[in-house]
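Visitor: Contents are mmCIF, C-alpha atoms; file name structure13.cif:
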```cif
data_input
loop_
_atom_site.label_atom_id
_atom_site.label_comp_id
_atom_site.auth_asym_id
_atom_site.auth_seq_id
_atom_site.Cartn_x
_atom_site.Cartn_y
_atom_site.Cartn_z
CA MET X 1 5.91 27.08 34.74
CA SER X 2 7.41 29.61 32.31
CA ASN X 3 5.45 31.07 29.42
CA THR X 4 7.81 29.37 26.96
CA SER X 5 7.20 25.94 28.49
CA LEU X 6 3.45 26.56 28.46
CA LEU X 7 3.52 27.55 24.78
CA VAL X 8 5.52 24.44 23.91
CA ARG X 9 3.10 22.19 25.81
CA ASN X 10 0.10 23.84 24.15
CA GLY X 11 1.74 23.42 20.77
CA ILE X 12 2.33 19.72 21.36
CA ARG X 13 -1.21 19.27 22.64
CA ASN X 14 -2.64 21.00 19.55
CA ARG X 15 -0.53 18.83 17.25
CA HIS X 16 -1.74 15.68 18.96
CA ARG X 17 -5.35 16.88 18.81
CA ARG X 18 -5.07 17.62 15.08
CA CYS X 19 -3.57 14.17 14.48
CA ALA X 20 -6.29 12.40 16.49
CA VAL X 21 -9.11 14.30 14.77
CA SER X 22 -7.61 13.70 11.31
CA MET X 23 -7.24 9.96 11.94
CA LEU X 24 -10.78 9.72 13.32
CA ILE X 25 -12.14 11.41 10.18
CA LEU X 26 -10.10 9.08 7.94
CA ALA X 27 -11.40 6.06 9.90
CA LEU X 28 -15.03 7.23 9.55
CA ILE X 29 -14.58 7.77 5.79
CA ALA X 30 -13.06 4.28 5.50
CA VAL X 31 -16.04 2.74 7.33
CA VAL X 32 -18.54 4.57 5.10
CA LEU X 33 -16.69 3.49 1.95
CA ALA X 34 -16.56 -0.13 3.18
CA ALA X 35 -20.34 -0.04 3.73
CA LEU X 36 -20.87 1.40 0.24
CA CYS X 37 -18.72 -1.40 -1.23
CA LEU X 38 -21.15 -3.91 0.33
CA TYR X 39 -24.22 -1.92 -0.72
CA PHE X 40 -23.57 -1.18 -4.40
CA GLY X 41 -23.57 -3.84 -7.10
CA ASN X 42 -25.66 -5.18 -9.97
CA THR X 43 -28.46 -5.62 -7.41
CA ILE X 44 -28.85 -3.24 -4.48
CA TYR X 45 -29.96 -4.94 -1.27
CA PRO X 46 -31.33 -3.08 1.78
CA PRO X 47 -28.79 -2.58 4.61
CA ASP X 48 -30.74 -4.90 6.95
CA VAL X 49 -30.50 -7.71 4.39
CA ILE X 50 -26.74 -7.22 4.06
CA ILE X 51 -26.33 -7.29 7.85
CA LYS X 52 -28.42 -10.50 8.12
CA VAL X 53 -26.31 -12.18 5.44
CA ILE X 54 -23.06 -11.19 7.15
CA LEU X 55 -24.44 -12.56 10.44
CA GLY X 56 -25.01 -15.93 8.76
CA GLU X 57 -28.61 -15.89 7.57
CA GLU X 58 -29.21 -17.50 4.17
CA ILE X 59 -31.10 -15.17 1.80
CA LYS X 60 -31.52 -16.24 -1.81
CA GLY X 61 -29.40 -14.13 -4.14
CA ALA X 62 -28.10 -11.79 -1.47
CA SER X 63 -26.02 -14.48 0.27
CA TYR X 64 -24.02 -15.22 -2.87
CA ALA X 65 -23.61 -11.57 -3.87
CA VAL X 66 -22.48 -10.43 -0.43
CA ASN X 67 -20.52 -13.42 0.87
CA SER X 68 -18.86 -14.50 -2.37
CA VAL X 69 -18.33 -11.22 -4.23
CA ARG X 70 -18.73 -7.98 -2.29
CA LEU X 71 -17.39 -8.95 1.16
CA PRO X 72 -14.12 -10.56 -0.05
CA ARG X 73 -13.66 -7.67 -2.50
CA MET X 74 -14.10 -5.11 0.27
CA LEU X 75 -11.83 -6.97 2.71
CA ALA X 76 -9.12 -7.40 0.06
CA GLY X 77 -9.31 -3.66 -0.57
CA VAL X 78 -9.05 -2.86 3.15
CA PHE X 79 -6.03 -5.10 3.75
CA ALA X 80 -4.35 -4.00 0.51
CA GLY X 81 -4.85 -0.37 1.57
CA ILE X 82 -3.20 -1.04 4.94
CA ALA X 83 -0.35 -2.90 3.24
CA PHE X 84 0.42 -0.42 0.46
CA GLY X 85 -0.14 2.63 2.67
CA THR X 86 2.06 1.39 5.51
CA GLY X 87 4.69 -0.17 3.23
CA GLY X 88 5.11 3.07 1.30
CA TYR X 89 5.33 5.10 4.52
CA VAL X 90 8.02 2.78 5.93
CA PHE X 91 10.34 3.00 2.92
CA GLN X 92 9.77 6.73 2.35
CA THR X 93 10.52 7.49 6.01
CA MET X 94 13.47 5.12 6.28
CA LEU X 95 15.10 6.40 3.08
CA ARG X 96 14.04 10.02 3.68
CA ASN X 97 12.70 10.43 0.14
CA HIS X 98 9.12 10.50 -1.15
CA LEU X 99 10.23 8.73 -4.35
CA ALA X 100 11.32 5.68 -2.33
CA SER X 101 7.98 3.87 -2.33
CA PRO X 102 7.90 0.12 -3.17
CA ASP X 103 6.25 0.71 -6.53
CA MET X 104 9.01 3.14 -7.52
CA ILE X 105 12.07 1.15 -6.46
CA GLY X 106 11.21 -2.24 -7.93
CA ILE X 107 9.76 -4.20 -5.01
CA SER X 108 6.26 -4.35 -6.49
CA SER X 109 7.70 -5.12 -9.92
CA GLY X 110 9.60 -8.06 -8.39
CA SER X 111 6.36 -9.62 -7.22
CA GLY X 112 4.60 -8.85 -10.51
CA ALA X 113 7.42 -10.23 -12.67
CA ALA X 114 7.60 -13.47 -10.66
CA ALA X 115 3.84 -13.98 -10.98
CA VAL X 116 3.78 -13.21 -14.72
CA ILE X 117 6.68 -15.60 -15.43
CA CYS X 118 4.96 -18.25 -13.32
CA ILE X 119 1.66 -17.85 -15.17
CA LEU X 120 2.88 -17.36 -18.76
CA VAL X 121 6.09 -19.40 -18.87
CA PHE X 122 5.42 -22.26 -16.46
CA LYS X 123 1.60 -22.23 -16.85
CA ILE X 124 1.10 -22.25 -13.08
CA GLY X 125 -1.55 -20.13 -11.40
CA GLY X 126 -3.60 -20.03 -8.22
CA THR X 127 -1.95 -20.37 -4.82
CA THR X 128 1.42 -21.35 -6.28
CA ALA X 129 1.56 -18.14 -8.32
CA SER X 130 0.74 -16.16 -5.18
CA VAL X 131 3.54 -17.84 -3.21
CA ILE X 132 6.03 -17.23 -6.02
CA SER X 133 4.85 -13.61 -6.21
CA VAL X 134 5.72 -13.16 -2.52
CA ALA X 135 9.11 -14.80 -3.10
CA GLY X 136 9.71 -12.50 -6.09
CA GLY X 137 9.11 -9.39 -3.98
CA LEU X 138 11.48 -10.62 -1.26
CA ALA X 139 14.16 -11.57 -3.82
CA ALA X 140 13.97 -8.16 -5.52
CA THR X 141 14.32 -6.43 -2.14
CA MET X 142 17.33 -8.53 -1.14
CA LEU X 143 19.01 -7.81 -4.48
CA ILE X 144 18.43 -4.05 -4.10
CA PHE X 145 19.78 -4.04 -0.53
CA LEU X 146 22.83 -6.12 -1.44
CA LEU X 147 23.74 -3.85 -4.36
CA ALA X 148 23.07 -0.70 -2.29
CA SER X 149 25.20 -2.03 0.60
CA ALA X 150 28.30 -2.66 -1.53
CA GLY X 151 30.93 -0.24 -0.24
CA GLY X 152 28.65 1.15 2.47
CA PHE X 153 24.88 1.63 2.52
CA SER X 154 23.53 4.81 0.95
CA ASN X 155 19.88 5.91 0.72
CA GLY X 156 20.40 7.67 -2.59
CA ARG X 157 22.22 4.68 -4.06
CA MET X 158 19.43 2.33 -2.96
CA ILE X 159 16.78 4.50 -4.64
CA LEU X 160 18.74 4.73 -7.90
CA ILE X 161 19.48 0.98 -7.88
CA GLY X 162 15.80 0.28 -7.14
CA ILE X 163 14.69 2.42 -10.08
CA GLY X 164 17.18 0.55 -12.29
CA ILE X 165 15.99 -2.85 -11.05
CA GLN X 166 12.40 -1.81 -11.71
CA ALA X 167 13.28 -0.84 -15.30
CA VAL X 168 14.89 -4.26 -15.84
CA LEU X 169 11.92 -6.11 -14.32
CA ARG X 170 9.44 -4.15 -16.43
CA ALA X 171 11.44 -5.03 -19.53
CA VAL X 172 11.34 -8.71 -18.52
CA ILE X 173 7.56 -8.50 -18.03
CA SER X 174 7.08 -6.87 -21.45
CA TYR X 175 9.27 -9.52 -23.13
CA VAL X 176 7.41 -12.42 -21.50
CA ILE X 177 4.02 -10.98 -22.45
CA GLN X 178 5.15 -10.38 -26.03
CA LYS X 179 6.26 -14.01 -26.37
CA ALA X 180 3.23 -15.51 -24.61
CA SER X 181 0.07 -16.84 -26.23
CA THR X 182 -2.66 -14.23 -26.53
CA TYR X 183 -5.00 -16.65 -24.77
CA ASP X 184 -2.81 -16.66 -21.64
CA VAL X 185 -2.12 -12.90 -21.43
CA PRO X 186 -5.44 -11.84 -19.79
CA ALA X 187 -4.67 -14.03 -16.75
CA ALA X 188 -1.34 -12.26 -16.28
CA MET X 189 -2.67 -8.74 -16.85
CA ARG X 190 -4.35 -8.84 -13.44
CA TRP X 191 -0.91 -8.88 -11.85
CA LEU X 192 0.11 -5.82 -13.81
CA THR X 193 -2.92 -3.55 -13.45
CA GLY X 194 -3.94 -4.30 -9.86
CA SER X 195 -7.55 -5.33 -9.37
CA LEU X 196 -9.97 -6.44 -6.67
CA ASN X 197 -11.91 -8.48 -9.25
CA GLY X 198 -11.93 -12.15 -8.41
CA SER X 199 -10.99 -11.66 -4.75
CA GLN X 200 -11.85 -14.84 -2.84
CA MET X 201 -12.65 -15.25 0.83
CA LYS X 202 -10.22 -18.21 1.12
CA ASN X 203 -7.30 -15.82 0.51
CA ILE X 204 -8.35 -13.22 3.07
CA PRO X 205 -7.31 -14.93 6.38
CA VAL X 206 -3.66 -15.46 5.33
CA MET X 207 -3.42 -12.04 3.69
CA GLY X 208 -5.03 -10.30 6.66
CA SER X 209 -3.05 -12.09 9.39
CA VAL X 210 0.34 -11.36 7.75
CA ILE X 211 -0.50 -7.72 7.06
CA ILE X 212 -1.92 -7.04 10.54
CA THR X 213 1.03 -8.77 12.25
CA ALA X 214 3.55 -6.77 10.21
CA PHE X 215 1.61 -3.56 10.87
CA ILE X 216 1.68 -4.15 14.64
CA VAL X 217 5.46 -4.71 14.56
CA ILE X 218 5.94 -1.50 12.56
CA ALA X 219 3.66 0.52 14.84
CA LEU X 220 5.45 -0.72 17.98
CA SER X 221 8.87 0.19 16.53
CA GLU X 222 7.82 3.43 14.85
CA LYS X 223 9.75 5.71 17.22
CA HIS X 224 13.00 4.08 16.03
CA LEU X 225 11.89 4.47 12.41
CA LYS X 226 11.38 8.20 12.96
CA MET X 227 14.90 8.44 14.43
CA LEU X 228 16.27 6.91 11.21
CA GLU X 229 14.61 9.82 9.41
CA LEU X 230 17.06 12.12 11.25
CA GLY X 231 20.02 10.43 9.58
CA ASP X 232 22.24 7.51 10.54
CA SER X 233 24.61 9.57 12.72
CA CYS X 234 21.80 11.08 14.80
CA ALA X 235 20.02 7.74 15.08
CA ILE X 236 23.19 6.00 16.35
CA ALA X 237 23.76 8.84 18.82
CA LEU X 238 20.21 8.31 20.11
CA GLY X 239 20.91 4.62 20.69
CA VAL X 240 19.18 3.15 17.64
CA ARG X 241 20.62 -0.08 16.23
CA ILE X 242 20.18 1.12 12.67
CA ASN X 243 20.93 -2.12 10.84
CA LEU X 244 18.53 -4.10 13.03
CA ILE X 245 15.72 -1.53 12.72
CA ARG X 246 16.32 -1.04 9.00
CA GLY X 247 16.28 -4.80 8.41
CA MET X 248 13.18 -5.39 10.55
CA MET X 249 11.23 -2.54 8.95
CA SER X 250 12.22 -3.65 5.47
CA VAL X 251 11.13 -7.24 6.06
CA CYS X 252 7.79 -6.15 7.52
CA GLY X 253 7.19 -3.64 4.72
CA VAL X 254 8.08 -6.11 1.98
CA LEU X 255 5.96 -8.90 3.48
CA MET X 256 2.94 -6.59 3.63
CA ILE X 257 3.40 -5.45 0.04
CA ALA X 258 4.14 -8.94 -1.29
CA PHE X 259 1.13 -10.61 0.35
CA ALA X 260 -1.14 -7.80 -0.85
CA ILE X 261 0.18 -8.14 -4.41
CA ALA X 262 -0.32 -11.91 -4.23
CA VAL X 263 -4.09 -11.27 -3.91
CA THR X 264 -4.73 -7.98 -5.74
CA GLY X 265 -1.72 -7.44 -7.98
CA PRO X 266 0.37 -4.24 -7.73
CA ILE X 267 -2.19 -1.45 -7.25
CA ALA X 268 -0.36 1.59 -8.61
CA SER X 269 0.47 4.75 -6.66
CA VAL X 270 -1.19 3.83 -3.33
CA ALA X 271 2.15 3.25 -1.59
CA PHE X 272 3.53 6.35 -3.31
CA LEU X 273 0.66 8.67 -2.33
CA SER X 274 -0.41 7.50 1.14
CA GLY X 275 2.58 8.62 3.22
CA PRO X 276 3.01 12.19 1.87
CA ILE X 277 -0.71 12.99 1.71
CA SER X 278 -1.52 11.54 5.16
CA SER X 279 1.41 13.61 6.47
CA LYS X 280 -0.17 16.78 5.04
CA ILE X 281 -3.51 15.85 6.62
CA THR X 282 -2.23 15.05 10.11
CA GLY X 283 0.67 17.54 10.13
CA LYS X 284 4.27 16.78 9.16
CA ASN X 285 5.46 16.10 12.70
CA ASN X 286 2.45 13.86 13.34
CA SER X 287 2.83 11.55 10.33
CA ASN X 288 2.55 7.92 11.36
CA ALA X 289 1.93 4.44 10.05
CA GLY X 290 -1.70 4.44 11.21
CA ALA X 291 -2.59 7.56 9.21
CA ALA X 292 -0.82 6.20 6.11
CA ALA X 293 -2.69 2.87 6.45
CA LEU X 294 -6.06 4.61 6.83
CA PHE X 295 -5.41 6.84 3.82
CA GLY X 296 -4.39 3.76 1.81
CA VAL X 297 -7.71 2.09 2.68
CA VAL X 298 -9.69 5.22 1.77
CA LEU X 299 -7.82 5.61 -1.53
CA ILE X 300 -8.33 2.01 -2.64
CA LEU X 301 -12.00 1.72 -1.63
CA ALA X 302 -12.90 5.10 -3.15
CA SER X 303 -10.99 4.29 -6.36
CA ASP X 304 -12.63 0.87 -6.61
CA LEU X 305 -16.12 2.38 -6.25
CA ALA X 306 -15.25 5.03 -8.86
CA GLY X 307 -13.80 2.40 -11.20
CA GLN X 308 -16.93 0.26 -10.92
CA PHE X 309 -19.76 2.76 -10.96
CA ALA X 310 -18.68 6.33 -11.74
CA LEU X 311 -16.93 6.12 -15.10
CA GLY X 312 -19.50 4.45 -17.36
CA THR X 313 -17.16 1.53 -18.14
CA ARG X 314 -15.77 -0.61 -15.33
CA PHE X 315 -12.04 -0.25 -14.75
CA PRO X 316 -9.71 -2.12 -12.35
CA VAL X 317 -8.84 -0.14 -9.26
CA GLY X 318 -5.18 0.03 -10.35
CA ILE X 319 -6.14 2.08 -13.43
CA VAL X 320 -7.91 4.69 -11.28
CA THR X 321 -5.13 4.95 -8.67
CA GLY X 322 -2.53 5.13 -11.44
CA LEU X 323 -4.34 8.14 -12.94
CA LEU X 324 -4.33 9.80 -9.51
CA GLY X 325 -0.62 9.13 -8.96
CA ALA X 326 0.68 10.55 -12.25
CA PRO X 327 -0.05 14.27 -11.57
CA TYR X 328 1.25 13.98 -8.01
CA LEU X 329 4.51 12.49 -9.29
CA LEU X 330 4.95 15.45 -11.66
CA TYR X 331 4.18 17.89 -8.83
CA LEU X 332 6.66 16.13 -6.55
CA LEU X 333 9.43 16.13 -9.17
CA ILE X 334 8.91 19.85 -9.87
CA THR X 335 8.94 20.82 -6.17
CA MET X 336 11.95 18.59 -5.41
CA ASN X 337 13.82 20.01 -8.40
CA ARG X 338 13.16 23.56 -7.19
CA SER X 339 14.50 22.67 -3.75
CA ASN X 340 17.40 20.64 -5.22
CA SER X 341 16.37 17.62 -3.13
CA VAL X 342 16.01 14.95 -5.84
#
```
Go through the file and emit its structure as structure tokens.

Guide:
Amino acid sequence: MSNTSLLVRNGIRNRHRRCAVSMLILALIAVVLAALCLYFGNTIYPPDVIIKVILGEEIKGASYAVNSVRLPRMLAGVFAGIAFGTGGYVFQTMLRNHLASPDMIGISSGSGAAAVICILVFKIGGTTASVISVAGGLAATMLIFLLASAGGFSNGRMILIGIGIQAVLRAVISYVIQKASTYDVPAAMRWLTGSLNGSQMKNIPVMGSVIITAFIVIALSEKHLKMLELGDSCAIALGVRINLIRGMMSVCGVLMIAFAIAVTGPIASVAFLSGPISSKITGKNNSNAGAAALFGVVLILASDLAGQFALGTRFPVGIVTGLLGAPYLLYLLITMNRSNSV
């Protein structure tokens, strides 16, 4: 074997080792944060009590706090982290632009606007509002794709159309809230800020099964997604059916985001931050859906703990993640402007 071949193989082996170690560390951090979410609260229970409650033992006080409040809140955060992290990674990779996350191009706003109209205009909440929220996200995505496909699909056109659609949807949300009764507005604000408050165990099985199924499909087809990142011409030359892969990835990404929003509301910046930052952690050539999902989980659980216990006043998780996303957006715009890649 030549020295060149040996160097290449060592380089690939080192990249894979860095990726594996980085993902293991992210997974361990996620597990620790999930345990802390079960541990901290108005009353702190010993770890053995929490484990007994989760295993089914009835303990006065602890059973309600863990099973009805902390466990569904933690699980909603975990599944929302997987959904927003993976969904953002899919659209950013497919459209080859870090600005192309679902919360930047109107997909999240589609779900939020549908839920707010449902709650404030038609006075319908609960499961029906969640279903309509999912439908709103799908409808917004279809509209963006249809407009971007007119005269030939273009990544740049889709991003610009998505930003325009988001501006329209945000204006609709503001108008509906302005016209609504002040007594009804608090119920709708949850859909706008993104919060794990009020998470219920009855919503977790459907949310989790859809998100995990979509994640498995994305992970199994990820090599085709990475070929799309090379450009349509290269992907076609490599044998990728670009319309099929683009459609399948979009449907999976939108379903994950929409079902997460139906439970937690649009948690700001998680989809935007997870892909680029996980890529820096694992190495650009090693970026993958699993790393983005793990970083999404870490970001949401850490932000929720900070929002509950570290800031004096309790804030929804979406407020904390939104504060984290703003400086990164400015940094990204400055660096992209310098490289003329906006």

Visitor: Running the PyMOL selection byres ((chain X and resi 66) around 10) on this model by hand, what would come out? Give it as a ChimeraX atom specification.

Guide: /X:37-39,41,45,49-51,53-54,61-65,67-74

Visitor: Out of X:Ala306, X:Leu230, X:Ala171, X:Asn197, which residue has the shortest atom-to-atom distance to Gly110 (chain X) when counting all atoms listed in the file?

Guide: X:Ala171

Visitor: Do you have, as JSON lines, the list of residues of region 56-113 of chain X lying at most 10 Å from region 215-222 of chain X, each with its nearest atom pair and that distance in Å to one decimal, counting only C-alpha atoms and ordered by chain then number?

Guide:
```
{"residue": "X:Ile82", "atom": "CA", "partner": "X:Phe215", "partner_atom": "CA", "distance": 8.0}
{"residue": "X:Ala83", "atom": "CA", "partner": "X:Phe215", "partner_atom": "CA", "distance": 7.9}
{"residue": "X:Thr86", "atom": "CA", "partner": "X:Phe215", "partner_atom": "CA", "distance": 7.3}
{"residue": "X:Gly87", "atom": "CA", "partner": "X:Phe215", "partner_atom": "CA", "distance": 8.9}
{"residue": "X:Val90", "atom": "CA", "partner": "X:Ile218", "partner_atom": "CA", "distance": 8.2}
```

Visitor: Take the PyMOL selection byres ((chain X and resi 239-255) around 8), run it mentally on this structure, and tell me the resulting residues as number ranges by chain.

Guide: X: 83, 86-88, 90-91, 94, 107, 134, 137-138, 141, 210-211, 214-215, 217-218, 224-225, 227-228, 232, 235-238, 256-259

Visitor: Given 6 Å of margin on each side, can you work out the centre and size in Å (one decimal) of an axis-aligned box holding every listed atom of region 18-25 of chain X, as lines of an AutoDock Vina configuration file?

Guide:
```
center_x = -7.9
center_y = 13.7
center_z = 13.3
size_x = 20.6
size_y = 19.9
size_z = 18.3
```

Visitor: Using the chain letters and residue numbers of this document, give as a PyMOL selection string the residues selected by the PyMOL selection byres ((chain X and resi 170) around 9).

Guide: chain X and resi 106+109-110+112-113+165-169+171-175

Visitor: Output as a tab-separated table one row per residue of region 67-125 of chain X within 12 Å of region 178-186 of chain X: the closest atom pair and its distance in Å to one decimal place, counting only C-alpha atoms, sorted by chain and residue number ascending.

Guide:
```
residue	atom	partner	partner_atom	distance
X:Val116	CA	X:Val185	CA	8.9
X:Ile117	CA	X:Ala180	CA	9.8
X:Cys118	CA	X:Asp184	CA	11.5
X:Ile119	CA	X:Asp184	CA	8.0
X:Leu120	CA	X:Ala180	CA	6.1
X:Val121	CA	X:Ala180	CA	7.5
X:Phe122	CA	X:Ala180	CA	10.8
X:Lys123	CA	X:Asp184	CA	8.6
X:Ile124	CA	X:Asp184	CA	10.9
X:Gly125	CA	X:Asp184	CA	10.9
```

Visitor: With C-alpha atoms retained, could you export that selection as an mmCIF file, keeping the file's coordinate frame?

Guide:
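As a result, again-v2.cif now contains:
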```cif
data_model
loop_
_atom_site.group_PDB
_atom_site.id
_atom_site.type_symbol
_atom_site.label_atom_id
_atom_site.label_comp_id
_atom_site.auth_asym_id
_atom_site.auth_seq_id
_atom_site.Cartn_x
_atom_site.Cartn_y
_atom_site.Cartn_z
ATOM 1 C CA VAL X 116 3.780 -13.210 -14.720
ATOM 2 C CA ILE X 117 6.680 -15.600 -15.430
ATOM 3 C CA CYS X 118 4.960 -18.250 -13.320
ATOM 4 C CA ILE X 119 1.660 -17.850 -15.170
ATOM 5 C CA LEU X 120 2.880 -17.360 -18.760
ATOM 6 C CA VAL X 121 6.090 -19.400 -18.870
ATOM 7 C CA PHE X 122 5.420 -22.260 -16.460
ATOM 8 C CA LYS X 123 1.600 -22.230 -16.850
ATOM 9 C CA ILE X 124 1.100 -22.250 -13.080
ATOM 10 C CA GLY X 125 -1.550 -20.130 -11.400
#
```

Visitor: Using all atoms listed in the file, which of X:Asn155, X:Thr321, X:Asn14, X:Thr43 sits nearest Phe272 (chain X)?

Guide: X:Thr321

Visitor: Find the residue from X:Gln308, X:Thr264, X:Ser111, X:Ser274 that sits nearest to Gly290 (chain X); use only C-alpha atoms when measuring.

Guide: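 Closest to Gly290 (chain X) of all the choices is X:Ser274.
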
Visitor: Interatomic distance between CA of Met23 (chain X) and CA of Leu6 (chain X)?

Guide: 25.7 Å

Visitor: Would you please work out which residue, of X:Lys223, X:Lys60, X:His98, X:Arg314, is nearest to Asn288 (chain X) when using only C-alpha atoms?

Guide: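 Looking only at the distances to Asn288 (chain X), the closest residue turns out to be X:Lys223.
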
Visitor: May I ask which of the residues X:Leu95, X:Ile144, X:Leu273, X:Val206 is the closest one to Leu332 (chain X), counting only C-alpha atoms?

Guide: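 Residue with the minimum atom-to-atom distance to Leu332 (chain X): X:Leu273.
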
Visitor: CA of Gly156 (chain X) to CA of Ala140 (chain X): how many Å, to one decimal?

Guide: 17.3 Å

Visitor: I'd like the interatomic distance between CA of Leu146 (chain X) and CA of Phe84 (chain X), to a tenth of an Å.

Guide: 23.2 Å
